[in-house]
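Undergrad: Input structure: start14.csv, which contains CSV, C-alpha atoms.
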chain,number,residue,atom,x,y,z
A,21,MET,CA,114.9,-86.8,-103.6
A,22,ASN,CA,111.5,-85.8,-102.2
A,23,PRO,CA,110.6,-87.2,-98.8
A,24,PRO,CA,109.4,-90.7,-99.3
A,25,VAL,CA,105.8,-91.7,-98.6
A,26,ALA,CA,104.2,-95.1,-98.4
A,27,GLY,CA,103.5,-96.5,-101.8
A,28,ASP,CA,106.4,-94.8,-103.6
A,29,VAL,CA,107.9,-97.1,-106.2
A,30,CYS,CA,111.7,-96.9,-106.4
A,31,PRO,CA,113.3,-97.0,-109.8
A,32,ALA,CA,114.0,-100.6,-110.7
A,33,GLN,CA,117.7,-101.7,-111.1
A,34,HIS,CA,118.7,-104.2,-113.8
A,35,TYR,CA,121.8,-106.3,-113.4
A,36,THR,CA,123.4,-109.8,-113.7
A,37,HIS,CA,126.0,-111.6,-111.6
A,38,SER,CA,128.9,-113.1,-113.6
A,39,THR,CA,130.5,-116.4,-112.8
A,40,VAL,CA,133.7,-114.5,-111.8
A,41,GLN,CA,131.7,-112.4,-109.3
A,42,LEU,CA,130.1,-115.5,-107.8
A,43,PHE,CA,133.5,-117.1,-107.4
A,44,ARG,CA,135.0,-114.0,-105.8
A,45,PHE,CA,132.1,-113.6,-103.5
A,46,SER,CA,132.4,-117.3,-102.4
A,47,ALA,CA,136.1,-116.8,-101.8
A,48,VAL,CA,135.8,-113.6,-99.8
A,49,SER,CA,132.9,-114.9,-97.7
A,50,TRP,CA,134.8,-118.3,-97.2
A,51,ASN,CA,131.8,-120.1,-98.8
A,52,SER,CA,133.1,-123.3,-100.4
A,53,HIS,CA,129.7,-124.7,-101.3
A,54,ARG,CA,130.3,-126.1,-104.8
A,55,ILE,CA,126.9,-125.0,-106.3
A,56,HIS,CA,128.3,-121.5,-106.4
A,57,TYR,CA,131.4,-122.1,-108.5
A,58,ASP,CA,131.3,-125.6,-110.0
A,59,ALA,CA,128.7,-125.7,-112.8
A,60,GLU,CA,129.0,-129.5,-113.2
A,61,PHE,CA,128.3,-130.0,-109.5
A,62,ALA,CA,125.4,-127.5,-109.6
A,63,ALA,CA,123.9,-129.5,-112.5
A,64,SER,CA,124.1,-132.6,-110.4
A,65,GLU,CA,121.9,-130.9,-107.9
A,66,GLY,CA,119.4,-129.8,-110.6
A,67,PHE,CA,120.6,-126.2,-111.3
A,68,PRO,CA,121.2,-124.9,-114.8
A,69,ASP,CA,124.4,-123.1,-113.8
A,70,VAL,CA,126.3,-121.9,-110.8
A,71,VAL,CA,123.9,-120.5,-108.2
A,72,VAL,CA,123.8,-116.9,-106.8
A,73,GLN,CA,124.5,-117.0,-103.1
A,74,SER,CA,121.6,-116.1,-100.8
A,75,THR,CA,123.8,-113.6,-99.0
A,76,LEU,CA,124.7,-111.9,-102.4
A,77,HIS,CA,121.0,-111.4,-102.9
A,78,GLY,CA,120.8,-109.9,-99.5
A,79,GLU,CA,123.6,-107.5,-100.4
A,80,THR,CA,121.8,-106.5,-103.6
A,81,LEU,CA,118.5,-105.9,-101.7
A,82,THR,CA,120.4,-103.7,-99.3
A,83,ARG,CA,122.8,-101.8,-101.5
A,84,TYR,CA,120.3,-100.6,-104.1
A,85,ALA,CA,118.0,-99.5,-101.2
A,86,LEU,CA,120.9,-97.5,-99.6
A,87,ALA,CA,121.7,-96.0,-103.0
A,88,TRP,CA,118.1,-95.0,-103.5
A,89,ALA,CA,117.9,-93.4,-100.0
A,90,GLY,CA,121.1,-91.5,-100.4
A,91,PRO,CA,124.4,-91.0,-98.6
A,92,ASP,CA,122.8,-90.1,-95.3
A,93,SER,CA,121.0,-93.4,-94.9
A,94,ARG,CA,122.0,-96.3,-92.8
A,95,LEU,CA,120.9,-99.9,-92.8
A,96,GLU,CA,119.1,-101.1,-89.7
A,97,THR,CA,117.6,-104.4,-90.8
A,98,VAL,CA,117.3,-106.5,-93.9
A,99,SER,CA,115.2,-109.7,-94.0
A,100,TRP,CA,114.6,-111.9,-97.0
A,101,ARG,CA,113.2,-115.2,-98.0
A,102,ASN,CA,114.7,-117.3,-100.9
A,103,ARG,CA,112.0,-118.4,-103.3
A,104,THR,CA,113.7,-119.5,-106.5
A,105,THR,CA,117.4,-119.9,-107.3
A,106,ALA,CA,119.1,-117.5,-109.8
A,107,VAL,CA,122.2,-118.4,-111.7
A,108,ALA,CA,125.2,-116.7,-113.2
A,109,GLY,CA,124.5,-114.5,-116.2
A,110,GLU,CA,120.7,-114.4,-115.6
A,111,PRO,CA,119.1,-111.0,-116.1
A,112,LEU,CA,117.8,-109.9,-112.7
A,113,THR,CA,115.9,-106.8,-111.5
A,114,TRP,CA,115.8,-105.2,-108.1
A,115,THR,CA,112.4,-103.8,-107.2
A,116,ALA,CA,111.2,-101.8,-104.2
A,117,THR,CA,108.2,-100.0,-102.9
A,118,VAL,CA,108.0,-97.9,-99.8
A,119,ARG,CA,106.0,-99.7,-97.2
A,120,GLU,CA,106.1,-97.3,-94.3
A,121,VAL,CA,107.7,-94.0,-93.2
A,122,GLU,CA,107.9,-93.3,-89.5
A,123,GLY,CA,110.0,-90.3,-88.6
A,124,ALA,CA,113.5,-90.8,-89.9
A,125,ARG,CA,112.9,-94.5,-90.5
A,126,VAL,CA,111.8,-95.9,-93.9
A,127,SER,CA,110.9,-99.5,-94.6
A,128,LEU,CA,110.8,-100.9,-98.2
A,129,ASP,CA,109.3,-104.1,-99.6
A,130,VAL,CA,112.1,-105.3,-101.8
A,131,ALA,CA,112.6,-108.2,-104.3
A,132,VAL,CA,114.9,-109.6,-106.9
A,133,VAL,CA,112.9,-110.9,-109.8
A,134,LYS,CA,113.8,-112.8,-113.0
A,135,ALA,CA,113.0,-111.6,-116.5
A,136,ASP,CA,109.6,-113.3,-116.4
A,137,GLY,CA,108.7,-111.7,-113.1
A,138,THR,CA,109.3,-114.7,-111.0
A,139,PRO,CA,110.7,-113.6,-107.6
A,140,CYS,CA,114.1,-115.1,-106.5
A,141,VAL,CA,114.0,-113.4,-103.2
A,142,THR,CA,111.5,-111.2,-101.4
A,143,GLY,CA,111.9,-109.2,-98.2
A,144,THR,CA,112.1,-106.0,-96.3
A,145,VAL,CA,114.8,-103.4,-95.8
A,146,GLU,CA,114.6,-100.9,-92.9
A,147,LEU,CA,116.7,-97.8,-93.2
A,148,ALA,CA,117.4,-94.9,-90.9
A,149,LEU,CA,117.8,-91.5,-92.6
A,150,VAL,CA,120.4,-89.9,-90.4
B,17,MET,CA,115.3,-143.9,-89.9
B,18,ASN,CA,115.8,-142.0,-93.2
B,19,ALA,CA,118.3,-139.2,-93.8
B,20,LEU,CA,115.8,-136.4,-92.9
B,21,ASP,CA,114.8,-138.1,-89.7
B,22,GLU,CA,118.4,-138.3,-88.7
B,23,VAL,CA,119.0,-134.6,-89.5
B,24,LEU,CA,116.0,-133.8,-87.4
B,25,ALA,CA,117.2,-135.9,-84.5
B,26,ARG,CA,120.7,-134.4,-84.6
B,27,ALA,CA,119.4,-130.9,-84.9
B,28,ARG,CA,117.1,-131.3,-81.9
B,29,SER,CA,119.9,-132.5,-79.8
B,30,LEU,CA,121.8,-129.3,-80.6
B,31,VAL,CA,119.1,-126.8,-80.1
B,32,GLY,CA,120.2,-124.1,-77.7
B,33,ARG,CA,123.8,-125.2,-77.5
B,34,TRP,CA,125.8,-122.1,-78.2
B,35,GLU,CA,129.3,-122.2,-79.7
B,36,ASP,CA,131.7,-119.2,-79.9
B,37,GLU,CA,134.0,-118.6,-82.8
B,38,ASP,CA,136.8,-116.1,-82.8
B,39,CYS,CA,136.5,-114.0,-86.0
B,40,GLY,CA,139.8,-112.3,-85.3
B,41,THR,CA,140.6,-108.6,-85.7
B,42,VAL,CA,138.9,-107.2,-88.8
B,43,THR,CA,140.9,-104.9,-91.0
B,44,VAL,CA,140.4,-102.4,-93.8
B,45,LYS,CA,141.8,-104.9,-96.2
B,46,ASP,CA,139.2,-107.4,-95.2
B,47,PHE,CA,136.5,-104.8,-95.9
B,48,CYS,CA,138.0,-103.7,-99.2
B,49,ARG,CA,138.3,-107.2,-100.5
B,50,TYR,CA,134.7,-107.8,-99.6
B,51,ALA,CA,133.7,-104.6,-101.3
B,52,ALA,CA,135.7,-105.6,-104.4
B,53,ALA,CA,133.8,-108.8,-104.7
B,54,LEU,CA,130.7,-106.6,-104.8
B,55,ASN,CA,132.3,-104.4,-107.5
B,56,ASP,CA,132.0,-101.5,-105.1
B,57,ALA,CA,135.0,-99.4,-106.0
B,58,ASP,CA,133.5,-96.3,-104.3
B,59,TYR,CA,133.6,-98.1,-100.9
B,60,ILE,CA,137.3,-99.0,-101.4
B,61,GLU,CA,138.3,-95.4,-102.3
B,62,ARG,CA,136.3,-94.0,-99.4
B,63,ALA,CA,137.7,-96.5,-96.9
B,64,ARG,CA,141.3,-96.0,-97.9
B,65,LYS,CA,140.9,-92.2,-97.7
B,66,GLN,CA,139.4,-92.5,-94.2
B,67,GLU,CA,142.2,-94.9,-93.1
B,68,ALA,CA,144.9,-92.4,-94.5
B,69,ALA,CA,143.2,-89.6,-92.6
B,70,GLY,CA,143.2,-91.6,-89.4
B,71,ALA,CA,139.4,-91.8,-89.3
B,72,VAL,CA,137.3,-94.8,-88.2
B,73,VAL,CA,136.6,-97.2,-91.1
B,74,GLU,CA,133.2,-98.9,-90.9
B,75,ALA,CA,132.7,-102.3,-92.5
B,76,PRO,CA,130.3,-102.8,-95.4
B,77,ALA,CA,126.9,-103.2,-93.9
B,78,LEU,CA,126.6,-107.0,-94.3
B,79,PHE,CA,130.3,-107.9,-94.0
B,80,LEU,CA,129.9,-110.0,-90.8
B,81,ALA,CA,126.6,-111.5,-91.8
B,82,ALA,CA,127.7,-112.6,-95.2
B,83,THR,CA,130.9,-114.3,-94.2
B,84,MET,CA,130.0,-118.0,-93.8
B,85,SER,CA,132.9,-119.0,-91.6
B,86,TRP,CA,135.8,-117.5,-89.7
B,87,GLU,CA,137.7,-120.7,-89.3
B,88,ASP,CA,141.3,-121.0,-90.5
B,89,GLY,CA,140.3,-124.2,-92.4
B,90,PRO,CA,139.4,-126.8,-93.0
B,91,PRO,CA,141.7,-128.2,-95.8
B,92,GLU,CA,140.0,-129.6,-98.8
B,93,ARG,CA,140.3,-133.2,-97.7
B,94,GLU,CA,138.0,-132.4,-94.8
B,95,LEU,CA,135.2,-130.8,-96.8
B,96,ARG,CA,132.0,-132.7,-97.6
B,97,PRO,CA,131.4,-133.7,-101.2
B,98,ASP,CA,129.3,-130.6,-101.7
B,99,GLY,CA,132.2,-128.4,-100.6
B,100,LEU,CA,130.7,-127.4,-97.3
B,101,ALA,CA,132.6,-127.8,-94.0
B,102,THR,CA,131.1,-129.7,-91.2
B,103,ARG,CA,130.6,-126.5,-89.2
B,104,GLU,CA,128.7,-124.9,-92.1
B,105,SER,CA,126.5,-127.9,-92.4
B,106,PRO,CA,125.2,-128.7,-89.0
B,107,CYS,CA,123.5,-132.0,-88.5
B,108,THR,CA,124.1,-133.4,-92.0
B,109,GLU,CA,127.6,-134.9,-91.9
B,110,GLY,CA,127.7,-138.2,-93.8
B,111,LEU,CA,124.1,-138.1,-94.8
B,112,PRO,CA,122.7,-138.2,-98.4
B,113,VAL,CA,121.2,-134.7,-98.3
B,114,ARG,CA,121.5,-131.4,-100.0
B,115,GLN,CA,120.8,-128.0,-98.5
B,116,VAL,CA,120.1,-124.4,-99.5
B,117,HIS,CA,119.5,-121.2,-97.6
B,118,GLY,CA,115.9,-120.5,-96.8
B,119,GLY,CA,116.3,-116.9,-95.8
B,120,GLN,CA,117.9,-114.5,-93.4
B,121,THR,CA,117.2,-111.6,-91.1
B,122,VAL,CA,120.1,-109.3,-90.3
B,123,ARG,CA,120.0,-106.6,-87.7
B,124,LEU,CA,122.8,-104.1,-87.5
B,125,LEU,CA,123.2,-102.8,-84.0
B,126,ARG,CA,126.6,-101.1,-84.2
B,127,ALA,CA,128.7,-101.1,-87.3
B,128,PRO,CA,131.9,-103.1,-87.0
B,129,VAL,CA,135.0,-101.0,-87.5
B,130,ALA,CA,138.6,-101.8,-88.5
B,131,GLY,CA,140.4,-103.0,-85.4
B,132,ASP,CA,137.5,-104.6,-83.8
B,133,ARG,CA,138.1,-108.0,-82.3
B,134,VAL,CA,134.9,-109.9,-83.1
B,135,THR,CA,133.4,-113.1,-81.7
B,136,ALA,CA,130.5,-115.0,-83.3
B,137,SER,CA,128.2,-117.0,-81.1
B,138,ARG,CA,126.1,-119.5,-83.0
B,139,ALA,CA,123.4,-122.0,-82.2
B,140,VAL,CA,120.8,-124.1,-83.8
B,141,VAL,CA,117.5,-122.7,-82.4
B,142,SER,CA,114.9,-124.7,-84.2
B,143,ALA,CA,114.4,-127.8,-86.3
B,144,GLU,CA,111.1,-128.8,-88.0
B,145,ARG,CA,110.1,-131.4,-90.6
B,146,LYS,CA,108.0,-129.8,-93.3
B,147,GLN,CA,106.2,-130.9,-96.5
B,148,GLY,CA,106.5,-128.7,-99.5
B,149,ARG,CA,105.4,-128.9,-103.2
B,150,SER,CA,108.7,-130.7,-104.1
B,151,GLY,CA,108.6,-133.1,-101.2
B,152,ALA,CA,109.7,-133.4,-97.6
B,153,PHE,CA,112.4,-131.2,-96.0
B,154,VAL,CA,113.8,-130.2,-92.7
B,155,LEU,CA,113.9,-126.5,-91.8
B,156,LEU,CA,116.8,-125.6,-89.5
B,157,GLY,CA,116.8,-122.3,-87.7
B,158,LEU,CA,120.2,-120.8,-86.7
B,159,THR,CA,121.1,-117.7,-84.9
B,160,THR,CA,124.5,-115.9,-84.8
B,161,ARG,CA,125.3,-113.0,-82.6
B,162,PHE,CA,128.5,-111.0,-83.4
B,163,THR,CA,130.0,-109.0,-80.5
B,164,SER,CA,133.1,-106.9,-80.1
B,165,ALA,CA,135.7,-107.5,-77.4
B,166,ASP,CA,133.9,-105.3,-74.9
B,167,GLY,CA,130.7,-107.3,-75.4
B,168,THR,CA,128.9,-104.8,-77.6
B,169,GLU,CA,126.5,-106.6,-80.0
B,170,LEU,CA,127.4,-105.6,-83.6
B,171,THR,CA,125.2,-107.7,-85.8
B,172,ALA,CA,122.5,-110.4,-85.2
B,173,VAL,CA,121.6,-112.9,-87.9
B,174,ASP,CA,118.7,-115.3,-87.9
B,175,GLU,CA,118.7,-117.7,-90.8
B,176,THR,CA,117.0,-120.8,-92.0
B,177,ILE,CA,118.5,-123.7,-93.9
B,178,VAL,CA,116.4,-126.1,-96.0
B,179,VAL,CA,117.7,-129.7,-96.0
B,180,ARG,CA,116.3,-132.2,-98.6
B,181,GLU,CA,117.3,-135.7,-99.5
B,182,ALA,CA,120.0,-135.9,-102.2
B,183,ILE,CA,118.6,-136.2,-105.7
B,184,ASP,CA,120.2,-139.7,-106.1
B,185,SER,CA,119.1,-140.8,-102.7
B,186,PRO,CA,116.7,-143.8,-102.7
B,187,GLY,CA,114.2,-141.8,-100.7
B,188,ALA,CA,114.6,-138.6,-102.7
B,189,THR,CA,111.6,-137.0,-104.4
Render the structure in this file as structure tokens.

TA:
Amino acid sequence: MNPPVAGDVCPAQHYTHSTVQLFRFSAVSWNSHRIHYDAEFAASEGFPDVVVQSTLHGETLTRYALAWAGPDSRLETVSWRNRTTAVAGEPLTWTATVREVEGARVSLDVAVVKADGTPCVTGTVELALV
Amino acid sequence: MNALDEVLARARSLVGRWEDEDCGTVTVKDFCRYAAALNDADYIERARKQEAAGAVVEAPALFLAATMSWEDGPPERELRPDGLATRESPCTEGLPVRQVHGGQTVRLLRAPVAGDRVTASRAVVSAERKQGRSGAFVLLGLTTRFTSADGTELTAVDETIVVREAIDSPGAT
């Protein structure tokens, strides 16, 4: 990879979260909120299906950023704001643009967006290139 | 006083009151199960090789931050109707409200490694009533600091929780 510069657009990543993954992530993170694994309960709160965990979005923001930066990168900070819920099986896309490069530190503006471009989460990932 | 006023009053009485939680000693198996839930087979292979070689095994980056609770329980009968435990739902016990995460900031200060004994210190740090496009809500701010047994700070998490009235609540919008 060429040294990143501000304005670089990272290759987008397309993915979905399955209901099985949402259940397993709830289990391993000891998150028993029913909106994440009980579709009937999620519907009672106005959601079309079980809801992707905020922290799973945070993982996605981080992991694709680390994959883009390569094996010598390390996460320093990730910050995100939830804007719209995403549900199981929904096509999602990770997007990122280099905001700033300062020495061995790179910050990215990141987002998870729906198929129609609506952002589910937006935030910033700061990486150290060690 | 409606449900949101009550949430606000409870939250403001808790602001700045820190509580410690023992997260126990974290293990390679904990890390690998977490990675498995992320479908990260590469992490598992790498971690098990490091363990076999006697090397230090670092946790996945957001392992501490993403784990909602380190309690042994509670049993199902003690969960709220929405499945949350009282501890995970500060200030809302018994009230007709629903809640979702607003957002998080996670700072990694030193990677937790297998064998670390970890303590989580948590507090409500702010509580505000807000008006959004879909009605009134209370925005709770929480901070969690994870430290190792020698006091080294590992991970710091600042998060917000959005509390709204329940959909079937008389005052809901």

Undergrad: With all atoms listed in the file as the counted atoms, please give the residues lying no more than 9 Å from Ser46 (chain A), apart from itself and same-chain residues fewer than 5 positions off, as a list in words.

TA: Gln41, Asn51, Ser52, His53, His56, Tyr57 and Gln73 of chain A; Ala53, Thr83 and Met84 of chain B

Undergrad: Pick from B:Pro76, B:Gly151, B:Gly99, B:Gly89: nearest to Cys48 (chain B), with all atoms listed in the file counted?

TA: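 Between B:Pro76, B:Gly151, B:Gly99, B:Gly89, the residue approaching Cys48 (chain B) most closely is B:Pro76.
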
Undergrad: Counting all atoms listed in the file, a student should be able to say which residues of chain A come within 8 Å of chain B; what is the right answer, written as a PDB file with C-alpha atoms, in the coordinates of the input?

TA:
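The new file selection_36.pdb reads:
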ATOM      1  CA  GLN A  41     131.700-112.400-109.300  1.00  0.00           C
ATOM      2  CA  ARG A  44     135.000-114.000-105.800  1.00  0.00           C
ATOM      3  CA  PHE A  45     132.100-113.600-103.500  1.00  0.00           C
ATOM      4  CA  VAL A  48     135.800-113.600 -99.800  1.00  0.00           C
ATOM      5  CA  SER A  49     132.900-114.900 -97.700  1.00  0.00           C
ATOM      6  CA  TRP A  50     134.800-118.300 -97.200  1.00  0.00           C
ATOM      7  CA  ASN A  51     131.800-120.100 -98.800  1.00  0.00           C
ATOM      8  CA  SER A  52     133.100-123.300-100.400  1.00  0.00           C
ATOM      9  CA  HIS A  53     129.700-124.700-101.300  1.00  0.00           C
ATOM     10  CA  ARG A  54     130.300-126.100-104.800  1.00  0.00           C
ATOM     11  CA  ILE A  55     126.900-125.000-106.300  1.00  0.00           C
ATOM     12  CA  PHE A  61     128.300-130.000-109.500  1.00  0.00           C
ATOM     13  CA  GLU A  65     121.900-130.900-107.900  1.00  0.00           C
ATOM     14  CA  SER A  74     121.600-116.100-100.800  1.00  0.00           C
ATOM     15  CA  THR A  75     123.800-113.600 -99.000  1.00  0.00           C
ATOM     16  CA  LEU A  76     124.700-111.900-102.400  1.00  0.00           C
ATOM     17  CA  GLU A  79     123.600-107.500-100.400  1.00  0.00           C
ATOM     18  CA  LEU A  95     120.900 -99.900 -92.800  1.00  0.00           C
ATOM     19  CA  GLU A  96     119.100-101.100 -89.700  1.00  0.00           C
ATOM     20  CA  THR A  97     117.600-104.400 -90.800  1.00  0.00           C
ATOM     21  CA  VAL A  98     117.300-106.500 -93.900  1.00  0.00           C
ATOM     22  CA  SER A  99     115.200-109.700 -94.000  1.00  0.00           C
ATOM     23  CA  TRP A 100     114.600-111.900 -97.000  1.00  0.00           C
ATOM     24  CA  ARG A 101     113.200-115.200 -98.000  1.00  0.00           C
ATOM     25  CA  ASN A 102     114.700-117.300-100.900  1.00  0.00           C
ATOM     26  CA  ARG A 103     112.000-118.400-103.300  1.00  0.00           C
TER      27      ARG A 103
END

Undergrad: Distance CA of Leu111 (chain B)-CA of Ala19 (chain B), one decimal place?

TA: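 For CA of Leu111 (chain B) relative to CA of Ala19 (chain B), the distance reads 6.0 Å.
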
Undergrad: In Å, rounded to a single decimal, give me how far CA of Pro23 (chain A) is from CA of Thr115 (chain A).

TA: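 These atoms are spaced 18.7 Å apart.
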
Undergrad: Show which residues sit within 8 Å of Val107 (chain A), as a PyMOL selection string. Count only C-alpha atoms, and ignore same-chain residues fewer than 6 positions away.

TA: chain A and resi 37+67-72

Undergrad: Could you give me, as a PyMOL selection string, the residues that sit within 8 Å of (118.5, -96.2, -90.3) in the file's coordinates, counting all atoms listed in the file?

TA: chain A and resi 93-96+124-126+146-150

Undergrad: In Å, with one decimal, what is the gap from CA of Trp114 (chain A) to CA of Met21 (chain A)?

TA: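 Calculated distance between CA of Trp114 (chain A) and CA of Met21 (chain A) is 19.0 Å.
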